[in-house]
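Participant: What follows is model-v1.txt, made up of compact mmCIF, C-alpha atoms and all ligand atoms:
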# COMPACT_ATOMS: atom_id res chain seq x y z
CA MET A 1 0.82 -16.54 -14.36
CA LEU A 2 -2.86 -15.88 -13.66
CA PRO A 3 -5.52 -17.75 -15.62
CA PRO A 4 -7.72 -15.70 -18.03
CA SER A 5 -10.23 -13.56 -16.13
CA ILE A 6 -13.90 -12.80 -16.85
CA ARG A 7 -12.89 -9.13 -16.84
CA GLU A 8 -11.52 -9.79 -20.33
CA ILE A 9 -15.06 -10.17 -21.66
CA SER A 10 -17.03 -6.95 -21.78
CA ASP A 11 -20.26 -8.36 -23.14
CA PHE A 12 -21.83 -11.67 -22.22
CA SER A 13 -25.17 -10.89 -23.92
CA GLY A 14 -27.04 -14.03 -24.74
CA LYS A 15 -24.18 -16.24 -23.47
CA ARG A 16 -25.05 -19.08 -21.13
CA VAL A 17 -22.38 -19.18 -18.43
CA LEU A 18 -21.80 -22.32 -16.43
CA LEU A 19 -20.45 -20.93 -13.16
CA ARG A 20 -18.68 -23.13 -10.60
CA LEU A 21 -19.03 -21.57 -7.16
CA ASP A 22 -18.04 -22.86 -3.74
CA LEU A 23 -21.20 -22.38 -1.69
CA ASN A 24 -20.07 -25.00 0.79
CA VAL A 25 -21.14 -23.09 3.90
CA PRO A 26 -21.88 -24.37 7.40
CA LEU A 27 -25.58 -24.96 8.13
CA THR A 28 -27.30 -24.81 11.53
CA ALA A 29 -29.03 -27.83 13.09
CA HIS A 30 -32.21 -26.43 11.50
CA GLY A 31 -30.60 -26.46 8.06
CA GLU A 32 -30.14 -22.70 7.79
CA VAL A 33 -27.02 -20.87 6.61
CA ALA A 34 -24.81 -20.36 9.67
CA ASP A 35 -22.06 -18.33 7.99
CA ASP A 36 -22.46 -16.56 4.64
CA PHE A 37 -18.78 -15.67 4.05
CA ARG A 38 -18.43 -17.80 0.91
CA ILE A 39 -21.82 -16.68 -0.44
CA ARG A 40 -20.86 -13.00 -0.11
CA LYS A 41 -17.55 -13.69 -1.81
CA ALA A 42 -19.44 -15.07 -4.82
CA LEU A 43 -21.45 -11.87 -5.32
CA PRO A 44 -18.94 -9.73 -7.28
CA THR A 45 -18.66 -12.38 -10.01
CA LEU A 46 -22.41 -13.04 -10.03
CA ASN A 47 -23.10 -9.31 -10.33
CA LEU A 48 -20.52 -8.74 -13.05
CA LEU A 49 -21.89 -11.63 -15.12
CA ARG A 50 -25.48 -10.42 -14.75
CA GLU A 51 -24.60 -6.80 -15.47
CA ARG A 52 -22.86 -7.91 -18.66
CA GLY A 53 -25.89 -9.87 -19.83
CA ALA A 54 -24.94 -13.48 -19.04
CA LEU A 55 -27.44 -16.23 -18.33
CA VAL A 56 -25.83 -17.70 -15.20
CA ARG A 57 -26.22 -21.38 -14.38
CA ALA A 58 -24.39 -22.02 -11.13
CA VAL A 59 -23.16 -25.30 -9.68
CA SER A 60 -21.54 -25.97 -6.30
CA HIS A 61 -21.05 -28.69 -3.73
CA ILE A 62 -22.03 -28.55 -0.07
CA ASP A 63 -20.76 -30.96 2.60
CA GLY A 64 -22.58 -32.59 5.46
CA ALA A 65 -25.15 -35.34 5.69
CA GLY A 66 -27.49 -34.93 2.75
CA GLY A 67 -26.01 -31.43 2.20
CA SER A 68 -28.49 -29.41 0.12
CA LEU A 69 -28.02 -26.04 -1.53
CA ARG A 70 -31.72 -25.25 -1.19
CA ALA A 71 -30.99 -23.36 2.05
CA VAL A 72 -28.27 -21.38 0.28
CA ALA A 73 -30.63 -20.48 -2.58
CA ASP A 74 -33.27 -19.34 -0.05
CA TYR A 75 -30.67 -17.31 1.81
CA MET A 76 -29.53 -15.56 -1.37
CA VAL A 77 -33.10 -14.62 -2.22
CA ARG A 78 -34.12 -13.51 1.27
CA HIS A 79 -30.98 -11.88 2.64
CA LEU A 80 -28.96 -10.81 -0.38
CA GLY A 81 -31.74 -9.87 -2.79
CA VAL A 82 -30.42 -12.16 -5.55
CA ALA A 83 -33.04 -13.68 -7.87
CA VAL A 84 -32.20 -17.39 -7.64
CA THR A 85 -34.14 -20.27 -9.11
CA PHE A 86 -33.17 -23.53 -7.44
CA LEU A 87 -33.21 -26.71 -9.51
CA PRO A 88 -33.06 -29.95 -7.51
CA GLU A 89 -31.40 -31.99 -10.29
CA ILE A 90 -29.50 -31.29 -13.45
CA ALA A 91 -31.77 -33.74 -15.28
CA HIS A 92 -34.93 -32.45 -13.58
CA GLN A 93 -38.02 -32.62 -15.78
CA GLN A 94 -38.68 -28.92 -15.42
CA ALA A 95 -35.04 -27.98 -15.87
CA ALA A 96 -35.05 -27.76 -19.66
CA LEU A 97 -38.19 -25.62 -19.66
CA LEU A 98 -36.93 -23.29 -16.92
CA LEU A 99 -33.56 -22.93 -18.56
CA GLU A 100 -35.19 -22.09 -21.86
CA ARG A 101 -37.13 -19.27 -20.21
CA GLN A 102 -34.25 -17.99 -18.05
CA SER A 103 -33.92 -14.22 -17.90
CA PRO A 104 -30.53 -12.47 -17.45
CA ARG A 105 -31.57 -11.13 -14.03
CA GLU A 106 -32.16 -14.61 -12.74
CA ILE A 107 -29.53 -17.10 -11.55
CA VAL A 108 -30.21 -20.79 -11.80
CA LEU A 109 -28.59 -22.77 -8.99
CA PHE A 110 -28.47 -26.55 -9.23
CA GLU A 111 -28.50 -28.92 -6.26
CA ASN A 112 -25.25 -30.15 -4.64
CA ILE A 113 -23.18 -31.33 -7.58
CA ARG A 114 -21.52 -34.05 -5.52
CA ARG A 115 -24.84 -35.88 -5.50
CA GLU A 116 -24.20 -36.50 -9.18
CA GLU A 117 -22.42 -39.77 -9.70
CA GLY A 118 -19.82 -38.59 -12.23
CA GLU A 119 -18.66 -35.43 -10.45
CA GLU A 120 -15.97 -36.67 -8.09
CA ARG A 121 -14.45 -39.16 -10.53
CA ASN A 122 -14.45 -36.57 -13.32
CA ASP A 123 -16.48 -38.81 -15.59
CA PRO A 124 -16.17 -37.51 -19.19
CA ALA A 125 -19.83 -38.28 -20.00
CA PHE A 126 -20.98 -36.31 -16.94
CA ALA A 127 -18.64 -33.43 -17.84
CA GLU A 128 -20.26 -33.35 -21.30
CA ARG A 129 -23.75 -33.17 -19.75
CA LEU A 130 -22.64 -30.29 -17.56
CA ALA A 131 -20.90 -28.50 -20.41
CA ALA A 132 -24.13 -28.65 -22.42
CA LEU A 133 -25.61 -26.16 -19.93
CA GLY A 134 -23.27 -23.36 -20.99
CA ASP A 135 -21.49 -21.61 -23.84
CA LEU A 136 -18.72 -20.52 -21.47
CA TYR A 137 -17.38 -21.79 -18.17
CA VAL A 138 -16.32 -19.62 -15.25
CA ASN A 139 -14.57 -21.03 -12.18
CA ASP A 140 -15.02 -18.84 -9.10
CA ALA A 141 -14.51 -21.75 -6.71
CA PHE A 142 -10.82 -21.34 -5.86
CA SER A 143 -11.51 -23.09 -2.55
CA ALA A 144 -12.62 -26.27 -4.35
CA SER A 145 -9.98 -26.10 -7.08
CA HIS A 146 -7.66 -28.55 -5.36
CA ARG A 147 -10.19 -31.23 -6.40
CA SER A 148 -9.86 -32.86 -9.83
CA HIS A 149 -13.62 -33.12 -10.19
CA ALA A 150 -15.70 -32.80 -13.37
CA SER A 151 -16.97 -29.31 -12.52
CA ILE A 152 -13.40 -28.11 -11.85
CA VAL A 153 -11.12 -29.80 -14.38
CA GLY A 154 -13.47 -31.63 -16.77
CA ILE A 155 -15.44 -28.67 -18.14
CA PRO A 156 -12.45 -26.48 -19.13
CA GLN A 157 -11.56 -29.17 -21.68
CA LEU A 158 -14.95 -28.66 -23.30
CA LEU A 159 -15.81 -24.95 -23.06
CA PRO A 160 -13.94 -21.64 -23.33
CA SER A 161 -13.05 -21.08 -19.69
CA TYR A 162 -12.32 -18.16 -17.40
CA ALA A 163 -11.54 -17.43 -13.77
CA GLY A 164 -13.98 -15.45 -11.64
CA LEU A 165 -13.08 -12.36 -9.62
CA GLN A 166 -12.62 -14.12 -6.28
CA PHE A 167 -10.54 -16.82 -7.94
CA ILE A 168 -8.19 -14.22 -9.46
CA ASP A 169 -7.97 -12.37 -6.15
CA GLU A 170 -7.05 -15.57 -4.31
CA VAL A 171 -4.25 -16.45 -6.75
CA ASP A 172 -3.00 -12.88 -6.71
CA GLN A 173 -3.01 -12.42 -2.92
CA LEU A 174 -1.70 -15.86 -1.99
CA SER A 175 1.08 -15.65 -4.61
CA GLN A 176 2.65 -12.82 -2.60
CA ALA A 177 3.79 -15.48 -0.13
CA PHE A 178 6.29 -16.74 -2.73
CA ASP A 179 8.08 -13.39 -3.00
CA PRO A 180 7.12 -11.69 0.22
CA PRO A 181 7.91 -8.31 1.72
CA ARG A 182 9.93 -8.80 4.93
CA PRO A 183 9.92 -9.55 7.80
CA PHE A 184 7.45 -12.29 6.84
CA ILE A 185 5.87 -14.54 9.48
CA PHE A 186 4.09 -17.70 8.39
CA ILE A 187 1.72 -19.12 11.00
CA ILE A 188 0.25 -22.59 10.68
CA GLY A 189 -1.96 -24.49 13.11
CA GLY A 190 -4.62 -27.18 13.13
CA ILE A 191 -4.05 -30.90 12.70
CA LYS A 192 -2.54 -33.42 10.24
CA PHE A 193 1.16 -32.62 10.27
CA ASP A 194 1.87 -35.36 7.75
CA THR A 195 0.00 -33.35 5.07
CA LYS A 196 1.31 -29.96 6.23
CA LEU A 197 4.97 -30.91 6.68
CA PRO A 198 6.00 -30.06 3.07
CA LEU A 199 4.44 -26.64 3.57
CA VAL A 200 6.33 -26.07 6.82
CA ARG A 201 9.60 -27.12 5.16
CA LYS A 202 8.93 -24.83 2.19
CA PHE A 203 8.15 -21.76 4.31
CA LEU A 204 11.13 -22.37 6.59
CA GLU A 205 13.07 -21.47 3.45
CA ILE A 206 10.92 -18.53 2.33
CA ALA A 207 9.69 -16.87 5.54
CA ASP A 208 11.68 -15.17 8.30
CA THR A 209 9.70 -16.92 11.04
CA VAL A 210 7.49 -20.01 10.85
CA PHE A 211 5.21 -20.44 13.85
CA VAL A 212 3.79 -23.96 14.16
CA GLY A 213 0.88 -24.19 16.61
CA GLY A 214 -2.24 -26.23 17.27
CA ALA A 215 -1.96 -30.01 17.31
CA LEU A 216 0.82 -29.78 14.69
CA ALA A 217 3.17 -28.56 17.41
CA ASN A 218 2.57 -31.73 19.44
CA ASP A 219 4.59 -33.71 16.91
CA ILE A 220 7.48 -31.30 17.32
CA PHE A 221 7.26 -31.46 21.14
CA ARG A 222 7.31 -35.25 20.94
CA ALA A 223 10.26 -35.22 18.54
CA ARG A 224 12.10 -33.02 21.08
CA GLY A 225 11.49 -35.67 23.74
CA LEU A 226 8.81 -33.77 25.68
CA SER A 227 5.70 -35.39 27.13
CA VAL A 228 2.51 -34.61 25.26
CA GLY A 229 0.35 -36.96 27.34
CA TYR A 230 -2.77 -37.94 25.44
CA SER A 231 -2.57 -35.03 22.97
CA VAL A 232 -3.35 -35.46 19.28
CA VAL A 233 -0.21 -36.55 17.39
CA SER A 234 0.41 -37.94 13.91
CA GLU A 235 0.20 -41.69 13.67
CA GLY A 236 3.35 -43.66 12.98
CA GLY A 237 5.67 -40.80 13.93
CA LEU A 238 7.33 -38.40 11.51
CA ASP A 239 10.99 -37.69 10.90
CA LEU A 240 11.22 -34.05 11.95
CA SER A 241 14.96 -34.02 12.62
CA ASP A 242 15.56 -31.37 9.95
CA ILE A 243 13.10 -28.90 11.47
CA THR A 244 13.02 -29.35 15.26
CA SER A 245 15.99 -27.06 15.86
CA HIS A 246 15.61 -24.89 12.78
CA PRO A 247 16.53 -21.30 13.71
CA LYS A 248 13.42 -19.87 12.00
CA LEU A 249 10.99 -22.23 13.74
CA LEU A 250 8.86 -20.86 16.57
CA THR A 251 6.61 -23.17 18.61
CA PRO A 252 4.48 -22.66 21.75
CA CYS A 253 6.46 -22.35 24.98
CA ASP A 254 3.38 -22.85 27.16
CA VAL A 255 0.02 -24.52 26.63
CA ARG A 256 -3.43 -25.01 28.13
CA VAL A 257 -3.98 -28.59 29.25
CA CYS A 258 -6.84 -30.73 30.57
CA PRO A 259 -6.96 -34.09 32.31
CA ALA A 260 -7.19 -36.60 29.44
CA ASP A 261 -10.49 -37.96 30.79
CA ASP A 262 -12.12 -34.58 31.47
CA ARG A 263 -11.73 -32.04 28.69
CA ARG A 264 -13.89 -29.28 30.10
CA GLU A 265 -12.63 -25.73 30.05
CA GLU A 266 -13.37 -25.37 33.78
CA VAL A 267 -10.72 -27.94 34.69
CA ALA A 268 -8.07 -26.68 32.24
CA ARG A 269 -4.78 -25.21 33.47
CA PHE A 270 -1.83 -23.44 31.88
CA ALA A 271 1.49 -25.30 31.89
CA ARG A 272 5.01 -24.78 30.67
CA LEU A 273 5.82 -27.40 28.07
CA GLU A 274 8.15 -29.33 30.32
CA ASP A 275 5.35 -29.55 32.93
CA VAL A 276 2.73 -31.30 30.78
CA ARG A 277 1.83 -34.50 32.60
CA THR A 278 1.48 -37.91 30.96
CA ASP A 279 -2.24 -38.04 31.94
CA GLU A 280 -3.04 -34.68 30.31
CA THR A 281 -4.05 -33.43 26.88
CA ILE A 282 -2.85 -30.21 25.25
CA MET A 283 -5.88 -28.15 24.18
CA ASP A 284 -4.63 -24.63 23.36
CA ALA A 285 -1.71 -22.20 23.40
CA GLY A 286 -0.75 -20.39 26.61
CA PRO A 287 -0.22 -16.68 27.41
CA ALA A 288 3.59 -16.67 27.07
CA THR A 289 3.23 -18.16 23.59
CA LEU A 290 0.73 -15.45 22.61
CA GLU A 291 3.10 -12.81 23.95
CA ALA A 292 5.97 -14.20 21.85
CA LEU A 293 3.68 -14.09 18.80
CA ARG A 294 2.60 -10.54 19.60
CA GLU A 295 6.25 -9.43 19.53
CA ARG A 296 6.93 -11.04 16.14
CA LEU A 297 3.68 -9.70 14.70
CA SER A 298 4.45 -6.16 15.77
CA SER A 299 7.49 -6.03 13.48
CA ALA A 300 6.08 -8.19 10.63
CA VAL A 301 5.49 -6.56 7.26
CA PHE A 302 3.73 -9.62 5.87
CA ILE A 303 1.72 -12.28 7.72
CA VAL A 304 0.16 -15.48 6.38
CA TRP A 305 -1.95 -17.51 8.80
CA ASN A 306 -3.95 -20.75 8.38
CA GLY A 307 -5.23 -23.03 11.13
CA PRO A 308 -6.36 -22.68 14.76
CA LEU A 309 -4.05 -22.71 17.77
CA GLY A 310 -6.35 -24.82 19.92
CA ASP A 311 -9.13 -27.39 19.84
CA TYR A 312 -11.61 -24.83 18.60
CA GLU A 313 -14.51 -27.25 18.16
CA ASP A 314 -14.29 -28.45 21.79
CA GLY A 315 -14.47 -24.93 23.18
CA PHE A 316 -10.76 -24.12 23.33
CA GLY A 317 -10.86 -21.14 20.99
CA GLU A 318 -9.20 -18.53 23.20
CA GLY A 319 -5.72 -18.81 21.69
CA THR A 320 -7.10 -18.63 18.15
CA LYS A 321 -9.27 -15.62 19.00
CA ALA A 322 -6.37 -13.82 20.67
CA LEU A 323 -4.20 -14.50 17.62
CA ALA A 324 -6.98 -13.25 15.30
CA GLU A 325 -7.12 -9.99 17.23
CA MET A 326 -3.34 -9.58 17.15
CA VAL A 327 -3.10 -10.26 13.41
CA ALA A 328 -6.04 -7.92 12.76
CA ARG A 329 -4.31 -5.13 14.68
CA ALA A 330 -0.88 -5.74 13.16
CA ALA A 331 0.37 -3.03 10.83
CA GLY A 332 1.71 -5.52 8.24
CA ARG A 333 -0.26 -7.01 5.33
CA SER A 334 -2.23 -10.03 6.53
CA VAL A 335 -3.49 -12.96 4.48
CA VAL A 336 -5.49 -15.51 6.45
CA GLY A 337 -7.57 -18.59 5.65
CA GLY A 338 -8.84 -22.00 6.74
CA GLY A 339 -12.30 -23.00 7.95
CA ASP A 340 -11.74 -22.69 11.72
CA THR A 341 -9.60 -19.60 11.35
CA VAL A 342 -12.24 -17.83 9.26
CA ALA A 343 -14.97 -18.94 11.68
CA ALA A 344 -13.01 -17.36 14.55
CA ILE A 345 -12.56 -14.16 12.58
CA GLY A 346 -16.24 -14.07 11.61
CA GLY A 347 -17.33 -14.55 15.21
CA LEU A 348 -15.20 -11.57 16.26
CA LYS A 349 -16.39 -9.40 13.34
CA LEU A 350 -12.79 -8.84 12.33
CA GLU A 351 -12.99 -9.72 8.63
CA GLU A 352 -12.48 -6.16 7.41
CA GLN A 353 -9.30 -5.77 9.47
CA PHE A 354 -7.27 -8.22 7.39
CA THR A 355 -5.73 -7.44 4.04
CA PHE A 356 -7.23 -10.61 2.58
CA VAL A 357 -9.35 -13.44 3.96
CA SER A 358 -9.09 -16.52 1.75
CA THR A 359 -12.13 -18.68 1.07
CA GLY A 360 -9.76 -21.64 0.88
CA GLY A 361 -9.05 -24.25 3.50
CA GLY A 362 -7.29 -27.21 1.89
CA ALA A 363 -7.05 -25.29 -1.39
CA MET A 364 -5.12 -22.45 0.26
CA LEU A 365 -2.64 -24.92 1.77
CA ASP A 366 -2.25 -26.86 -1.49
CA PHE A 367 -1.71 -23.64 -3.43
CA LEU A 368 0.90 -22.43 -0.96
CA ALA A 369 2.64 -25.83 -1.05
CA ASN A 370 2.63 -26.29 -4.83
CA GLY A 371 2.17 -22.82 -6.32
CA THR A 372 -0.80 -24.05 -8.34
CA LEU A 373 -3.94 -26.21 -8.19
CA PRO A 374 -5.60 -28.65 -10.62
CA GLY A 375 -8.36 -26.06 -11.21
CA ILE A 376 -5.80 -23.37 -12.10
CA GLU A 377 -3.95 -25.64 -14.49
CA ALA A 378 -7.24 -26.60 -16.14
CA LEU A 379 -7.99 -22.94 -16.90
CA ARG A 380 -4.52 -22.36 -18.31
CA ARG A 381 -4.83 -25.01 -21.00
CA ASP A 382 -5.15 -23.91 -24.60
CA LEU A 383 -8.68 -22.69 -24.87
CA PRO A 384 -11.21 -23.39 -27.56
CA ASP A 385 -12.20 -20.20 -29.37
CA SER A 386 -14.86 -18.35 -27.33
CA GLY A 387 -16.09 -16.47 -30.39
CA GLU A 388 -15.27 -13.14 -28.66
C1 LIG B 1 -13.73 -26.50 1.58
O1 LIG B 1 -14.63 -26.45 2.43
O2 LIG B 1 -12.52 -26.44 1.88
C2 LIG B 1 -14.11 -26.56 0.13
O3 LIG B 1 -15.47 -26.35 -0.04
C3 LIG B 1 -13.71 -27.88 -0.45
O4 LIG B 1 -14.43 -28.88 0.18
P1 LIG B 1 -13.92 -30.39 0.18
O5 LIG B 1 -12.74 -30.44 1.11
O6 LIG B 1 -15.10 -31.19 0.67
O7 LIG B 1 -13.52 -30.73 -1.21
The structure given in the file should be rewritten as structure tokens.
Ligand code: 3PG
Facilitator:
Amino acid sequence: MLPPSIREISDFSGKRVLLRLDLNVPLTAHGEVADDFRIRKALPTLNLLRERGALVRAVSHIDGAGGSLRAVADYMVRHLGVAVTFLPEIAHQQAALLLERQSPREIVLFENIRREEGEERNDPAFAERLAALGDLYVNDAFSASHRSHASIVGIPQLLPSYAGLQFIDEVDQLSQAFDPPRPFIFIIGGIKFDTKLPLVRKFLEIADTVFVGGALANDIFRARGLSVGYSVVSEGGLDLSDITSHPKLLTPCDVRVCPADDRREEVARFARLEDVRTDETIMDAGPATLEALRERLSSAVFIVWNGPLGDYEDGFGEGTKALAEMVARAAGRSVVGGGDTVAAIGGLKLEEQFTFVSTGGGAMLDFLANGTLPGIEALRRDLPDSGE
């Protein structure tokens, strides 16, 4: 069941809305917004709240050394025409005065909430301070809702709480994976098989095909007794005996490899799996693998994809880009997500070609694995009376 949506409230006049967004966007070396995907996804909720008369006070986190939301506030003002007042601290001297004078057209955005000591440990006293900023709480940060932080799970215990438009869309679109139209292909890549294994096991039951790529596949190759050289594998080894010969499992049949001590693209070569040498590292999927994927995608009615096929950050993005193009062109419904995956899509200007692009990375995976998130459960609790 979906949590209560802000659409249920037609008039927010005079209501102070504490809005949790996920404005955790990549910044350039000069501290400027490098990709505004998550900012744009916040706009429908921001606009709806402003149009309905709310006084919006927004909080978000941003990663990275000293991560500051000042650049995001500047970007919203300069490139998106949103009137944003940035407040460097919740307890800033000027904050009370500015908040008192806030106009409904103006959005107040506070600095990176993870700089506040009580946020990550969901400190009740900090949650109370935050809650004092609003009459209502709206969570439009689906992508951070796998975190049991004060601004995600603490506030809904204190204020009448609602889900934002993006949040509702995410739950709605991703939930289709639990009762999918068929044939359904589930594609997962990236790293950290130990955390993704439950998801693979679950979708081997639900989907018609599960393609495991990226470094995740290295664990399967190793479990099948193949050499993976110096490739990234899970530490300690995993018991994959129940999945390695699963009839629904598809894995790369060829790969792009480099000498382990020289990982430049110029020295890379394609190899069949059985030809990977012990002094090599697997960096990306190969052409025969992409061809096998193309075939499955051409008949798929529903596609879910999260995670790159290659070492995207080290310049091996070709497999991921080729897959992005194939999924974009596929006739079936496509739901995609994950930081590197979305970056690849953004770079190719393909966003509009997918049925749905999730803002979630870890949150998308956790939702698919568990069918819910701490932030969803928090919104579903019995709500205090909103006075509506
Ligand atoms: C993300 O980038 O996936 C979200 O913003 C959550 O960030 P986190 O993994 O730092 O909690």
Participant: May I have a table of the residues of chain A lying at most 8 Å from ligand LIG 1 (chain B), giving each one's closest pair of atoms and their distance in Å to one decimal, counting only C-alpha atoms and all ligand atoms, ordered by chain and ascending residue number, as a tab-separated table?
Facilitator:
residue	atom	partner	partner_atom	distance
A:Asp22	CA	B:LIG1	O3	5.7
A:Leu23	CA	B:LIG1	O3	7.2
A:Asn24	CA	B:LIG1	O3	4.9
A:Val25	CA	B:LIG1	O1	7.5
A:His61	CA	B:LIG1	O3	7.1
A:Ile62	CA	B:LIG1	O3	6.9
A:Asp63	CA	B:LIG1	O6	6.0
A:Ser143	CA	B:LIG1	C2	5.1
A:Ala144	CA	B:LIG1	C3	4.4
A:Ser145	CA	B:LIG1	C3	7.8
A:His146	CA	B:LIG1	O7	7.5
A:Arg147	CA	B:LIG1	O7	6.2
A:Gly338	CA	B:LIG1	O2	7.5
A:Gly339	CA	B:LIG1	O1	6.9
A:Thr359	CA	B:LIG1	O2	7.8
A:Gly360	CA	B:LIG1	O2	5.6
A:Gly361	CA	B:LIG1	O2	4.4
A:Gly362	CA	B:LIG1	O2	5.3
A:Ala363	CA	B:LIG1	O2	6.5
Participant: Suppose we keep C-alpha atoms; can you now write the selection as a short mmCIF file (atom, residue, chain, number, x, y, z; two decimals), keeping the file's coordinate frame?
Facilitator:
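Dumped to result_21.cif:
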data_model
loop_
_atom_site.label_atom_id
_atom_site.label_comp_id
_atom_site.auth_asym_id
_atom_site.auth_seq_id
_atom_site.Cartn_x
_atom_site.Cartn_y
_atom_site.Cartn_z
CA ASP A 22 -18.04 -22.86 -3.74
CA LEU A 23 -21.20 -22.38 -1.69
CA ASN A 24 -20.07 -25.00 0.79
CA VAL A 25 -21.14 -23.09 3.90
CA HIS A 61 -21.05 -28.69 -3.73
CA ILE A 62 -22.03 -28.55 -0.07
CA ASP A 63 -20.76 -30.96 2.60
CA SER A 143 -11.51 -23.09 -2.55
CA ALA A 144 -12.62 -26.27 -4.35
CA SER A 145 -9.98 -26.10 -7.08
CA HIS A 146 -7.66 -28.55 -5.36
CA ARG A 147 -10.19 -31.23 -6.40
CA GLY A 338 -8.84 -22.00 6.74
CA GLY A 339 -12.30 -23.00 7.95
CA THR A 359 -12.13 -18.68 1.07
CA GLY A 360 -9.76 -21.64 0.88
CA GLY A 361 -9.05 -24.25 3.50
CA GLY A 362 -7.29 -27.21 1.89
CA ALA A 363 -7.05 -25.29 -1.39
#
Participant: Using all atoms listed in the file, can you tell me which of A:Val59, A:Leu240, A:Ala378, A:Leu197 comes closest to Asp366 of chain A?
Facilitator: A:Leu197
Participant: Out of A:Ile345, A:Arg16, A:Ile152, A:Ala132, which residue has the shortest atom-to-atom distance to Glu106 of chain A when counting only C-alpha atoms?
Facilitator: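 Residue with the minimum atom-to-atom distance to Glu106 of chain A: A:Arg16.
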Participant: How many Å separate atom CA of Asp123 of chain A from atom CA of Gly154 of chain A?
Facilitator: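 Atom-to-atom, atom CA of Asp123 of chain A and atom CA of Gly154 of chain A are spaced 7.9 Å apart.
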Participant: For each of A:Asp219, A:Glu8, A:Glu318, A:Glu352, take the minimum atom-to-atom distance to Gly286 of chain A, counting only C-alpha atoms, then give the residue where this is smallest.
Facilitator: A:Glu318
Participant: Could you name the residues that touch Ser161 of chain A at 10 Å or less, counting only C-alpha atoms, but leaving out those on the same chain fewer than 3 positions away, as a list in words?
Facilitator: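 Answer for this query is Pro3, Pro4, Ser5, Ile6, Val17, Leu18, Leu19, Asp135, Leu136, Tyr137, Val138, Asn139, Ile155, Pro156, Gln157, Leu158, Gly164, Ala378, Leu379, Arg380, Arg381, Asp382, Leu383, Pro384, Asp385 and Ser386 of chain A.
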